[in-house]
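Down below is the structure, laid out as structure tokens.
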Amino acid sequence: MVERTPGIFPSIPYGTGSRWALGAIVLVHQSVYNEIGATTTLFAILLAALSATFSAICRNAINKTSNIGYLRSNHKCDFLLLFLTLWMDILALLASCGALARTLSTCLDTMTGGMARMWILGRNSSPNEPWPDVIGVSVVFLVSGMFMLGLENTKIFSCLMISGVLGIVGQLGIVTWLRGDESEWHKESWFPQGVHGVTVAASLCAFAFPAEMPTQARYNHLTGILIILIVTFTNVLTTACLSTLVHFKPENDFLAVPIFKILTYVDLAKVIPAIACLLVLACSGALMELFPEMYSLIVKLTTSEWKILAKQIGYESRDSGSPVLAIFTGGSLCAMLAFACPMENLIYIVAGSHLMAGIFRSIYLLYTPYRPKCVQHQESSLSYTRLQTEPSTSTGTRFPTSASTSRRLWCFRRASSVAANVTKSRQQKKPHDEELEREWLLLGEPPSPRCLEPDRNDDAESSILSDDAEQAAASEDSSTDIDAIVDEYRQKVKVSMAGPLDKNQRTPSITSWRVALIGILVIIGGTVSVIYGVIYLDVIVFSSGLIGVFLSNLILFCLPRHNLQQGQVNSFTATMALLLSCILLTGTLDSSWAALVFWISAGFIFCIRCDTWCCLCLDRTTIPGHSHILPNVSAKLDNLRQRSLAGSILLSNRIPGHR
């Protein structure tokens, strides 16, 4: 899978800037003008920030603790939940890219005076919700072609995106100072649609916050909270400016880019071209970040750990180093959404899929620590990693770079620097021709020997050690000393203990697991009661559900659980993420349930098909706990020892006087 390098600020997680830009220039404007109103949105942003904080902590925990290869073989339920989480993240990114493409389409048409669609379609079309949106589809195809050819997103796009967002917020401040009034704040109620309006606005703005906490910062959680506060301040400032310019009326027609209509109302139509240019810059930079994040998740589903999509989809081109088929797949789905799906449906799909992913993630983290046989990546007693005898070198770079400029892109690394030499034996082999490349693609093997990364984790290490075992077996005629062969392997393999076992630590038992299940069921029931109380404004049901949730958390705190080390998340954090995500989902479920049901059903079909589910159930062989680390080396070593011992016995029979 293509990995991304840090951007301008290495401590900021990948995709944070694009989500911030999408929220500040699209989601907040849609919520204020088309959906709820400025005063409601202002308070809803605070609720969205609280929900995003707990969800980001939970996402970091899954990234650190989950071992997909083991869960896929032994824990089907866990694997299904994690797959649905990744599956819903893909839908959220697809819909967000479609929303940005539609925004770009409207801005480009506005910059031409409304003549672009007339030239393309040969007729007039609605300036707000065009169909078919030919310009939006063209934007998606252009971006897809750029990434397929291996072109890269540089820091310039990130700087333009930040400049565009700050420029739009700054111009809104100037327009507020010139034409703003406070009539919206002098109404009888700040919440014209009640609690339901708050949940709708909070769900629409939830995607604007960071999806995960920083991992490279010195103080991870403090840095993440600071980033969330900055995003919250920007969105609140934008909402406050719009509250003086927009007088909300529920019967307003839905507009794709409402800022143009707002400027027309306040007699500042001359500013529209400048705002359109800034929107083009900001949306282009955000699209260049979200699009590679989307197809990277598609490539992730083709890896040997997930085995959901065919390996050919993740094939990296030898010329560009980009996963061409994955980019084409993601671009086609995004183009379909930009072509026919209205902007109103897109923003609701973004909100619903993002919240559903958070719900699946929090459910997984809620019950996993209390299960008796909870096997995580850190719990394996032994782990094998390849010793790096010499620094790896990259080949194929098009531009001269130095060590100080390795952090070149905010979004991702250069697509051309994908090939590296793994070992000296691999360097001595002949280069692979075009026919061999086609064989790799047709047989569904990993992308290519020359596209393998130097840090290819378990699969690359096992293949390297397997090749070394074959070389040792071929030379056994000249060497019959098994100790020498074992010493050779010890020089190439580093055995690291996972850590000393704490004998005083309590581990979950069957009894504690049953009590934990009862507590989790009470939490789910309390969450349903809270949702019912929010929808129907029943204070008694809401309070009773909330009390049940917190009492169950107290019980879970007293139960023994597995120590997940740095990725540990307590039950309170997972419960709050689940509770807030479910409450916000009620505000967007009316408009997005059809798309969510269709996408989840498609995910089930992908996950439970025969070659990934039933065949593993029919396999009666027991899979050892560490077989996924080195699947071939143990068999090679056993075969090698037997053959070596047989050779030593034959040799002792031939030598007279040997005992």
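Labels for the structure tokens follow display order: chains A, B, ..., residues from 1 in each chain, ligands from 1.
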
Where does DSSP see alpha helix (DSSP H) in range 215-350 of chain A, if you list the residues as a short mmCIF file (atom, residue, chain, number, x, y, z; two decimals) with N, CA, C and O atoms, in the first residue's frame?
data_model
loop_
_atom_site.label_atom_id
_atom_site.label_comp_id
_atom_site.auth_asym_id
_atom_site.auth_seq_id
_atom_site.Cartn_x
_atom_site.Cartn_y
_atom_site.Cartn_z
N ASN A 220 0.92 13.46 22.44
CA ASN A 220 -0.01 13.13 21.36
C ASN A 220 -1.40 13.69 21.61
O ASN A 220 -1.97 14.40 20.76
N HIS A 221 -1.97 13.37 22.77
CA HIS A 221 -3.34 13.78 23.03
C HIS A 221 -3.46 15.29 23.19
O HIS A 221 -4.44 15.89 22.74
N LEU A 222 -2.47 15.91 23.82
CA LEU A 222 -2.52 17.36 23.96
C LEU A 222 -2.43 18.06 22.61
O LEU A 222 -3.15 19.03 22.34
N THR A 223 -1.55 17.55 21.74
CA THR A 223 -1.45 18.12 20.40
C THR A 223 -2.74 17.91 19.62
O THR A 223 -3.21 18.80 18.90
N GLY A 224 -3.34 16.71 19.76
CA GLY A 224 -4.61 16.46 19.07
C GLY A 224 -5.72 17.35 19.55
O GLY A 224 -6.52 17.86 18.75
N ILE A 225 -5.81 17.56 20.85
CA ILE A 225 -6.84 18.45 21.39
C ILE A 225 -6.61 19.88 20.92
O ILE A 225 -7.57 20.61 20.61
N LEU A 226 -5.33 20.30 20.82
CA LEU A 226 -5.05 21.64 20.31
C LEU A 226 -5.49 21.79 18.86
O LEU A 226 -6.07 22.83 18.48
N ILE A 227 -5.27 20.76 18.04
CA ILE A 227 -5.72 20.81 16.64
C ILE A 227 -7.25 20.89 16.58
O ILE A 227 -7.81 21.66 15.78
N ILE A 228 -7.93 20.11 17.42
CA ILE A 228 -9.39 20.15 17.44
C ILE A 228 -9.89 21.53 17.87
O ILE A 228 -10.89 22.05 17.32
N LEU A 229 -9.20 22.15 18.82
CA LEU A 229 -9.60 23.51 19.24
C LEU A 229 -9.41 24.52 18.11
O LEU A 229 -10.24 25.42 17.93
N ILE A 230 -8.34 24.38 17.34
CA ILE A 230 -8.13 25.30 16.20
C ILE A 230 -9.22 25.13 15.16
O ILE A 230 -9.77 26.11 14.63
N VAL A 231 -9.56 23.87 14.85
CA VAL A 231 -10.63 23.63 13.88
C VAL A 231 -11.96 24.16 14.41
O VAL A 231 -12.74 24.77 13.66
N THR A 232 -12.20 23.96 15.70
CA THR A 232 -13.45 24.46 16.30
C THR A 232 -13.51 25.98 16.23
O THR A 232 -14.56 26.56 15.90
N PHE A 233 -12.40 26.64 16.52
CA PHE A 233 -12.37 28.11 16.47
C PHE A 233 -12.64 28.61 15.05
O PHE A 233 -13.40 29.58 14.86
N THR A 234 -12.05 27.97 14.05
CA THR A 234 -12.28 28.40 12.67
C THR A 234 -13.74 28.24 12.27
O THR A 234 -14.34 29.14 11.66
N ASN A 235 -14.33 27.09 12.62
CA ASN A 235 -15.73 26.86 12.26
C ASN A 235 -16.67 27.79 13.02
O ASN A 235 -17.67 28.27 12.45
N VAL A 236 -16.37 28.03 14.29
CA VAL A 236 -17.21 28.96 15.07
C VAL A 236 -17.10 30.37 14.51
O VAL A 236 -18.11 31.09 14.41
N LEU A 237 -15.89 30.79 14.12
CA LEU A 237 -15.74 32.13 13.54
C LEU A 237 -16.49 32.25 12.22
O LEU A 237 -17.15 33.28 11.96
N THR A 238 -16.43 31.21 11.38
CA THR A 238 -17.19 31.24 10.12
C THR A 238 -18.68 31.30 10.39
O THR A 238 -19.42 32.07 9.73
N THR A 239 -19.15 30.52 11.37
CA THR A 239 -20.58 30.53 11.68
C THR A 239 -21.02 31.87 12.26
O THR A 239 -22.11 32.37 11.95
N ALA A 240 -20.18 32.46 13.08
CA ALA A 240 -20.52 33.77 13.66
C ALA A 240 -20.62 34.84 12.58
O ALA A 240 -21.52 35.70 12.62
N CYS A 241 -19.73 34.79 11.60
CA CYS A 241 -19.82 35.76 10.49
C CYS A 241 -21.08 35.53 9.67
O CYS A 241 -21.78 36.49 9.28
N LEU A 242 -21.41 34.28 9.40
CA LEU A 242 -22.60 33.99 8.60
C LEU A 242 -23.88 34.32 9.36
O LEU A 242 -24.92 34.59 8.74
N SER A 243 -23.83 34.31 10.70
CA SER A 243 -25.03 34.62 11.47
C SER A 243 -25.46 36.07 11.30
O SER A 243 -26.64 36.39 11.50
N PRO A 258 -23.79 28.38 -1.24
CA PRO A 258 -24.67 29.48 -0.80
C PRO A 258 -23.96 30.81 -0.63
O PRO A 258 -24.64 31.84 -0.56
N ILE A 259 -22.64 30.84 -0.57
CA ILE A 259 -21.96 32.10 -0.34
C ILE A 259 -22.19 33.09 -1.48
O ILE A 259 -22.24 34.31 -1.27
N PHE A 260 -22.38 32.58 -2.70
CA PHE A 260 -22.65 33.47 -3.83
C PHE A 260 -24.00 34.17 -3.67
O PHE A 260 -24.12 35.37 -3.95
N LYS A 261 -25.00 33.44 -3.22
CA LYS A 261 -26.32 34.05 -3.00
C LYS A 261 -26.29 35.02 -1.84
O LYS A 261 -26.95 36.08 -1.87
N ILE A 262 -25.51 34.72 -0.82
CA ILE A 262 -25.41 35.63 0.33
C ILE A 262 -24.80 36.96 -0.08
O ILE A 262 -25.27 38.03 0.31
N LEU A 263 -23.74 36.90 -0.88
CA LEU A 263 -23.11 38.14 -1.33
C LEU A 263 -24.04 38.94 -2.25
O LEU A 263 -23.99 40.18 -2.27
N THR A 264 -24.90 38.25 -2.98
CA THR A 264 -25.87 38.96 -3.81
C THR A 264 -26.90 39.68 -2.95
O THR A 264 -27.32 40.80 -3.27
N TYR A 265 -27.32 39.06 -1.85
CA TYR A 265 -28.29 39.68 -0.95
C TYR A 265 -27.77 40.97 -0.34
O TYR A 265 -28.52 41.94 -0.15
N ILE A 272 -17.93 38.30 -5.75
CA ILE A 272 -18.17 36.89 -6.07
C ILE A 272 -17.02 36.27 -6.86
O ILE A 272 -16.60 35.14 -6.55
N PRO A 273 -16.45 36.91 -7.89
CA PRO A 273 -15.32 36.27 -8.59
C PRO A 273 -14.13 35.98 -7.69
O PRO A 273 -13.48 34.94 -7.84
N ALA A 274 -13.83 36.89 -6.76
CA ALA A 274 -12.71 36.65 -5.85
C ALA A 274 -12.99 35.46 -4.94
O ALA A 274 -12.12 34.61 -4.71
N ILE A 275 -14.22 35.40 -4.41
CA ILE A 275 -14.59 34.26 -3.57
C ILE A 275 -14.54 32.97 -4.37
O ILE A 275 -14.11 31.91 -3.87
N ALA A 276 -14.97 33.01 -5.63
CA ALA A 276 -14.95 31.81 -6.47
C ALA A 276 -13.53 31.32 -6.69
O ALA A 276 -13.26 30.11 -6.65
N CYS A 277 -12.60 32.24 -6.91
CA CYS A 277 -11.19 31.84 -7.09
C CYS A 277 -10.63 31.20 -5.82
O CYS A 277 -9.92 30.19 -5.88
N LEU A 278 -10.93 31.78 -4.67
CA LEU A 278 -10.46 31.21 -3.41
C LEU A 278 -11.08 29.84 -3.15
O LEU A 278 -10.41 28.93 -2.64
N LEU A 279 -12.35 29.67 -3.51
CA LEU A 279 -12.99 28.37 -3.35
C LEU A 279 -12.35 27.32 -4.25
O LEU A 279 -12.19 26.16 -3.85
N VAL A 280 -11.97 27.71 -5.46
CA VAL A 280 -11.31 26.77 -6.37
C VAL A 280 -9.97 26.33 -5.78
O VAL A 280 -9.62 25.13 -5.80
N LEU A 281 -9.21 27.25 -5.22
CA LEU A 281 -7.92 26.90 -4.61
C LEU A 281 -8.11 25.96 -3.42
O LEU A 281 -7.43 24.94 -3.30
N ALA A 282 -9.04 26.32 -2.53
CA ALA A 282 -9.23 25.51 -1.33
C ALA A 282 -9.79 24.13 -1.66
O ALA A 282 -9.32 23.11 -1.13
N CYS A 283 -10.77 24.06 -2.54
CA CYS A 283 -11.37 22.76 -2.89
C CYS A 283 -10.38 21.88 -3.65
O CYS A 283 -10.37 20.66 -3.47
N SER A 284 -9.55 22.47 -4.50
CA SER A 284 -8.56 21.68 -5.24
C SER A 284 -7.55 21.06 -4.28
O SER A 284 -7.22 19.87 -4.39
N GLY A 285 -7.06 21.85 -3.32
CA GLY A 285 -6.12 21.30 -2.35
C GLY A 285 -6.74 20.21 -1.49
O GLY A 285 -6.10 19.20 -1.19
N ALA A 286 -8.01 20.42 -1.06
CA ALA A 286 -8.67 19.40 -0.25
C ALA A 286 -8.91 18.13 -1.05
O ALA A 286 -8.76 17.01 -0.53
N LEU A 287 -9.29 18.26 -2.32
CA LEU A 287 -9.51 17.08 -3.16
C LEU A 287 -8.23 16.31 -3.40
O LEU A 287 -8.23 15.07 -3.44
N MET A 288 -7.11 17.02 -3.52
CA MET A 288 -5.83 16.35 -3.72
C MET A 288 -5.35 15.60 -2.48
O MET A 288 -4.45 14.76 -2.56
N GLU A 289 -5.94 15.88 -1.33
CA GLU A 289 -5.63 15.12 -0.11
C GLU A 289 -6.60 13.98 0.11
O GLU A 289 -6.18 12.86 0.44
N LEU A 290 -7.89 14.24 -0.06
CA LEU A 290 -8.89 13.22 0.24
C LEU A 290 -8.88 12.09 -0.79
O LEU A 290 -9.13 10.94 -0.45
N PHE A 291 -8.60 12.41 -2.05
CA PHE A 291 -8.65 11.39 -3.09
C PHE A 291 -7.58 10.30 -2.88
O PHE A 291 -7.91 9.11 -2.93
N PRO A 292 -6.32 10.63 -2.63
CA PRO A 292 -5.36 9.56 -2.35
C PRO A 292 -5.63 8.81 -1.06
O PRO A 292 -5.31 7.62 -0.95
N GLU A 293 -6.20 9.46 -0.06
CA GLU A 293 -6.57 8.74 1.15
C GLU A 293 -7.64 7.70 0.85
O GLU A 293 -7.64 6.59 1.41
N MET A 294 -8.55 8.04 -0.06
CA MET A 294 -9.62 7.11 -0.42
C MET A 294 -9.08 5.89 -1.15
O MET A 294 -9.37 4.75 -0.78
N TYR A 295 -8.26 6.09 -2.19
CA TYR A 295 -7.80 4.91 -2.92
C TYR A 295 -6.72 4.15 -2.14
O TYR A 295 -6.49 2.97 -2.42
N SER A 296 -6.09 4.76 -1.17
CA SER A 296 -5.18 4.01 -0.30
C SER A 296 -5.93 3.00 0.56
O SER A 296 -5.44 1.89 0.82
N LEU A 297 -7.14 3.35 1.00
CA LEU A 297 -7.96 2.39 1.74
C LEU A 297 -8.42 1.25 0.84
O LEU A 297 -8.55 0.10 1.28
N ILE A 298 -8.68 1.55 -0.43
CA ILE A 298 -9.03 0.48 -1.37
C ILE A 298 -7.86 -0.46 -1.56
O ILE A 298 -8.01 -1.69 -1.59
N VAL A 299 -6.65 0.08 -1.68
CA VAL A 299 -5.46 -0.76 -1.80
C VAL A 299 -5.26 -1.60 -0.54
O VAL A 299 -4.83 -2.76 -0.61
N LYS A 300 -5.61 -1.05 0.61
CA LYS A 300 -5.45 -1.78 1.86
C LYS A 300 -6.29 -3.05 1.88
O LYS A 300 -5.90 -4.06 2.47
N VAL A 324 -2.75 1.76 -10.19
CA VAL A 324 -3.57 2.29 -11.27
C VAL A 324 -5.00 1.80 -11.17
O VAL A 324 -5.96 2.58 -11.30
N LEU A 325 -5.18 0.50 -10.95
CA LEU A 325 -6.54 -0.06 -10.89
C LEU A 325 -7.32 0.46 -9.69
O LEU A 325 -8.52 0.70 -9.78
N ALA A 326 -6.65 0.64 -8.56
CA ALA A 326 -7.33 1.18 -7.38
C ALA A 326 -7.74 2.63 -7.62
O ALA A 326 -8.84 3.05 -7.23
N ILE A 327 -6.88 3.40 -8.26
CA ILE A 327 -7.24 4.79 -8.57
C ILE A 327 -8.40 4.84 -9.54
O ILE A 327 -9.32 5.65 -9.40
N PHE A 328 -8.38 3.95 -10.53
CA PHE A 328 -9.47 3.92 -11.50
C PHE A 328 -10.79 3.51 -10.84
O PHE A 328 -11.85 4.09 -11.13
N THR A 329 -10.73 2.55 -9.93
CA THR A 329 -11.94 2.12 -9.23
C THR A 329 -12.51 3.24 -8.37
O THR A 329 -13.72 3.54 -8.42
N GLY A 330 -11.66 3.86 -7.55
CA GLY A 330 -12.13 4.96 -6.71
C GLY A 330 -12.60 6.15 -7.52
O GLY A 330 -13.61 6.78 -7.19
N GLY A 331 -11.87 6.48 -8.59
CA GLY A 331 -12.28 7.59 -9.43
C GLY A 331 -13.61 7.36 -10.12
O GLY A 331 -14.42 8.28 -10.27
N SER A 332 -13.87 6.12 -10.54
CA SER A 332 -15.14 5.81 -11.20
C SER A 332 -16.31 5.96 -10.23
O SER A 332 -17.35 6.55 -10.57
N LEU A 333 -16.16 5.44 -9.00
CA LEU A 333 -17.22 5.58 -8.01
C LEU A 333 -17.45 7.05 -7.65
O LEU A 333 -18.60 7.50 -7.51
N CYS A 334 -16.37 7.79 -7.51
CA CYS A 334 -16.50 9.21 -7.18
C CYS A 334 -17.15 9.99 -8.33
O CYS A 334 -17.97 10.89 -8.09
N ALA A 335 -16.81 9.63 -9.56
CA ALA A 335 -17.42 10.30 -10.71
C ALA A 335 -18.92 10.03 -10.79
O ALA A 335 -19.70 10.91 -11.17
N MET A 336 -19.34 8.82 -10.43
CA MET A 336 -20.78 8.52 -10.42
C MET A 336 -21.52 9.39 -9.42
O MET A 336 -22.61 9.90 -9.70
N LEU A 337 -20.92 9.55 -8.23
CA LEU A 337 -21.57 10.40 -7.23
C LEU A 337 -21.60 11.86 -7.67
O LEU A 337 -22.61 12.54 -7.49
N ALA A 338 -20.50 12.34 -8.24
CA ALA A 338 -20.47 13.73 -8.69
C ALA A 338 -21.38 13.97 -9.88
O ALA A 338 -21.83 15.10 -10.11
N PHE A 339 -21.65 12.93 -10.66
CA PHE A 339 -22.45 13.08 -11.87
C PHE A 339 -23.93 13.25 -11.56
O PHE A 339 -24.59 14.13 -12.12
N ALA A 340 -24.46 12.42 -10.68
CA ALA A 340 -25.90 12.36 -10.52
C ALA A 340 -26.40 12.60 -9.11
O ALA A 340 -27.59 12.86 -8.93
N MET A 343 -26.06 17.63 -4.13
CA MET A 343 -25.19 18.07 -3.04
C MET A 343 -25.81 17.79 -1.68
O MET A 343 -25.11 17.43 -0.73
N GLU A 344 -27.12 17.92 -1.57
CA GLU A 344 -27.79 17.68 -0.29
C GLU A 344 -27.60 16.24 0.15
O GLU A 344 -27.33 15.96 1.32
N ASN A 345 -27.76 15.29 -0.77
CA ASN A 345 -27.56 13.89 -0.43
C ASN A 345 -26.11 13.58 -0.11
O ASN A 345 -25.82 12.74 0.76
N LEU A 346 -25.17 14.22 -0.80
CA LEU A 346 -23.76 13.94 -0.58
C LEU A 346 -23.32 14.31 0.82
O LEU A 346 -22.61 13.54 1.49
N ILE A 347 -23.72 15.47 1.31
CA ILE A 347 -23.27 15.88 2.64
C ILE A 347 -23.91 15.01 3.72
O ILE A 347 -23.29 14.74 4.76
N TYR A 348 -25.12 14.54 3.49
CA TYR A 348 -25.73 13.63 4.47
C TYR A 348 -25.08 12.26 4.44
O TYR A 348 -24.94 11.59 5.48
N ILE A 349 -24.67 11.80 3.26
CA ILE A 349 -23.96 10.52 3.17
C ILE A 349 -22.60 10.62 3.86
O ILE A 349 -22.16 9.68 4.54
N VAL A 350 -21.92 11.74 3.68
CA VAL A 350 -20.64 11.94 4.37
C VAL A 350 -20.83 11.85 5.88
O VAL A 350 -20.08 11.16 6.59
#

Tell me which of A:Val246, A:Ala577, A:Leu81, A:Ile12 sits closest to Arg218 in chain A, counting only C-alpha atoms.
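Answer, going by the shortest atom-to-atom distance: A:Ile12.
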
Separation of CA of Ile308 in chain A and CA of Lys76 in chain A, in Å?
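Straight-line distance from CA of Ile308 in chain A to CA of Lys76 in chain A works out to 13.4 Å.
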
Hey, can you check how far CA of Ala21 in chain A sits from CA of Val195 in chain A?
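Straight-line distance from CA of Ala21 in chain A to CA of Val195 in chain A works out to 26.8 Å.
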
So what do you get for CA of Val522 in chain A versus CA of Leu559 in chain A, distance-wise?
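CA of Leu559 in chain A lies 15.3 Å from CA of Val522 in chain A.
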
Need to verify the contact set: Cys205 in chain A, 9 Å, only C-alpha atoms, exclusion of same-chain residues closer than 4 positions in sequence. Can you return it as a PyMOL selection string?
chain A and resi 23+27-28+31+41+44-45+48-49+200-201+209+235+351

Selected residue, from A:Leu580, A:Val539, A:Val32, A:Val515, that lies nearest to Ile555 in chain A when counting only C-alpha atoms:
A:Val515

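Comparing the minimum interatomic distances between Gly17 in chain A and each of A:Ala52, A:Ala211, A:Val597, A:Val541, counting only C-alpha atoms, we find that A:Ala211 sits nearest.
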
Near Pro508 in chain A, counting only C-alpha atoms, which residues have an atom at most 8 Å away, once you skip same-chain residues fewer than 3 positions from it, shown as a PyMOL selection string?
chain A and resi 370-372+512-513+559-562

For the residues selected in the previous step, produce a file with C-alpha atoms as a compact mmCIF listing (two decimals), in the first residue's frame.
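Okay, this is what ended up in result_31.txt:
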# COMPACT_ATOMS: atom_id res chain seq x y z
CA TYR A 370 -12.77 -8.21 28.46
CA ARG A 371 -12.76 -11.33 26.29
CA PRO A 372 -10.78 -14.24 27.81
CA SER A 512 -15.87 -11.96 34.22
CA TRP A 513 -16.54 -12.16 30.50
CA LEU A 559 -13.58 -6.24 35.96
CA PRO A 560 -10.20 -7.65 34.86
CA ARG A 561 -9.21 -6.78 31.33
CA HIS A 562 -6.26 -7.26 29.05
